[in-house]
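Asker: Questions regarding the structure given below will be posed in turn.
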Amino acid sequence: MPELPEVETMVRDLRPHLLGRSFREVRLRRTDVLKDIRRPQLIQRLTGATVDSLSRRAKHAVLHLGQWRFVVQPGMTGSLFVTDAPRSEEEAHYDVLTVRLDDWRELIYRDIRRLGTLRLLDQRAWQRYDASLGPEPLDLALTPDEFHKVLARTRQAIKKALMDQRLLAGVGNIYANEALFAAGIDPSRPADRIGHEPAARLLEEVRRILSAAIEAEGTTVRDYRRGTGEPGSFQLELQVYGREGEPCRRCGTRLTGTHLIDARATVFCHRCQP
DNA sequence: ACGAGGTCCTGCGAGC
DNA sequence: TGCTCGCAGGACCTCG
């Protein structure tokens, strides 16, 4: 499931293929992923556009197309990649968007469950959208002190707060579980009751884990693929996610699984995360 | 203002 | 064997 490291990997993989390329022919096979735009407008504005640059913000891949920002949020099962091989009807079954590039390759947005979204925003709309998202965890401008203050803004469980995109951008279920384990914090603790020291430790672990996951080109549990079509490898380094009932790698205690927080799979070690 | 819970969407695996 | 059902969960919505 694409969180920050997975989207960062997609963007890095795509950059050399897309920089300076222009969009020749745009096909949209599904419209339910469109957010605040209709098919004809999207196709009209994308066709002929040139990719000036690519970036990532939170869990979004952002293609800069002149005045427009094409914002792809892969959701659970979305992936963005470039291919030069023609796609069979079977391969194309989950393709949502197909863009023929001026070098005759194709940029594909594929999304099995279509929980992802596509947006096309002008500068102002992008600025507004960007401002609605919390700070980037890897941006060192976010100090431990500020992070502590962010957490103090909610009484929600710390795990839910970590995943709240308005508070902190880019962390989803997998990395929230991992960071809380690494920081030794019980996922159900209210965010506003996390002390200054534990908050600093948590920010440090969030950064360490996200960086290591980018280094490993993301976590592939099921559907996530890099911009190259290959899986990532950080799933090999997961300490708690998906390991409910298995022994804690640090102390051997059986890992606890619960769905009590935000109805999401939470796995933790009750001994290491008191 | 906040929190709890429902909804979207499809594939997959468990259970009958 | 073939069916149904619950689950996976990010973002967004409604309700209390």
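Scheme for the structure tokens: letters A, B, ... for chains in order shown; per-chain residue numbers from 1; ligand numbers from 1 in order shown.
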Would you give me, as a PyMOL selection string, the residues of chain B that come within 10 Å of chain A, using only C-alpha atoms (C1' of nucleotides)?
Answerer: chain B and resi 2-5+8-11
Asker: Please identify all polymer residues within 9 Å of A:Arg57, counting only C-alpha atoms (C1' of nucleotides), omitting same-chain residues fewer than 2 positions from it, and present them as JSON, numbers by chain.
Answerer: {"A": [4, 7, 8, 55, 59, 60, 61, 62, 130, 133, 136, 169, 170]}
Asker: Write out as a tab-separated table a residue-level contact list of chain A versus chain C with cut-off 10 Å: for each qualifying residue the closest pair of atoms and the distance in Å to one decimal, counting only C-alpha atoms (C1' of nucleotides), rows sorted by chain and residue number upward.
Answerer:
```
residue	atom	partner	partner_atom	distance
A:Met1	CA	C:DG9	C1'	8.8
A:Pro2	CA	C:DG10	C1'	9.6
A:Glu3	CA	C:DG10	C1'	9.5
A:Lys59	CA	C:DG10	C1'	9.8
A:Gln73	CA	C:DG10	C1'	9.6
A:Pro74	CA	C:DG10	C1'	9.3
A:Gly75	CA	C:DG10	C1'	5.8
A:Met76	CA	C:DG10	C1'	6.7
A:Leu115	CA	C:DG10	C1'	7.6
A:Gly116	CA	C:DG10	C1'	8.4
A:Thr117	CA	C:DA11	C1'	9.6
A:Met163	CA	C:DG10	C1'	9.4
A:Asp164	CA	C:DA11	C1'	9.9
A:Gln165	CA	C:DA11	C1'	9.4
A:Gly172	CA	C:DG10	C1'	7.9
A:Asn173	CA	C:DG9	C1'	8.1
A:Asp262	CA	C:DG9	C1'	9.9
A:Ala263	CA	C:DG9	C1'	8.7
A:Arg264	CA	C:DG9	C1'	6.8
A:Ala265	CA	C:DG9	C1'	8.7
```
Asker: Any chance you can output those residues with C-alpha atoms as an mmCIF file, in the first residue's frame?
Answerer:
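Generated file (result-v5.cif):
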```
data_model
loop_
_atom_site.group_PDB
_atom_site.id
_atom_site.type_symbol
_atom_site.label_atom_id
_atom_site.label_comp_id
_atom_site.auth_asym_id
_atom_site.auth_seq_id
_atom_site.Cartn_x
_atom_site.Cartn_y
_atom_site.Cartn_z
ATOM 1 C CA MET A 1 0.000 0.000 0.000
ATOM 2 C CA PRO A 2 1.635 3.179 -1.140
ATOM 3 C CA GLU A 3 2.679 5.375 1.754
ATOM 4 C CA LYS A 59 1.388 10.143 -0.407
ATOM 5 C CA GLN A 73 -2.801 9.620 -4.967
ATOM 6 C CA PRO A 74 -2.399 5.850 -5.405
ATOM 7 C CA GLY A 75 -4.591 4.955 -2.434
ATOM 8 C CA MET A 76 -4.322 1.254 -1.589
ATOM 9 C CA LEU A 115 -9.416 3.878 -3.971
ATOM 10 C CA GLY A 116 -6.796 6.180 -5.471
ATOM 11 C CA THR A 117 -7.597 9.624 -6.843
ATOM 12 C CA MET A 163 -1.748 8.551 10.272
ATOM 13 C CA ASP A 164 -3.776 11.784 10.243
ATOM 14 C CA GLN A 165 -2.568 13.538 7.087
ATOM 15 C CA GLY A 172 0.090 5.151 6.852
ATOM 16 C CA ASN A 173 -0.724 1.983 8.749
ATOM 17 C CA ASP A 262 -9.556 3.328 13.915
ATOM 18 C CA ALA A 263 -10.596 -0.193 12.801
ATOM 19 C CA ARG A 264 -7.126 -0.691 11.340
ATOM 20 C CA ALA A 265 -4.823 -3.642 11.875
#
```
Asker: Work out how far atom CA of A:Arg29 is from atom CA of A:Asp52, in Å to one decimal.
Answerer: 25.3 Å
Asker: Would you please extract all helix (DSSP H, G or I) residues from stretch 41-223 of chain A, as assigned by DSSP on the backbone, and give them as a count of residues only?
Answerer: 68
Asker: Output as an NGL selection string all residues of stretch 116-212 of chain A that backbone DSSP marks as strand (DSSP E or B).
Answerer: :A and (117-122 or 157 or 190)
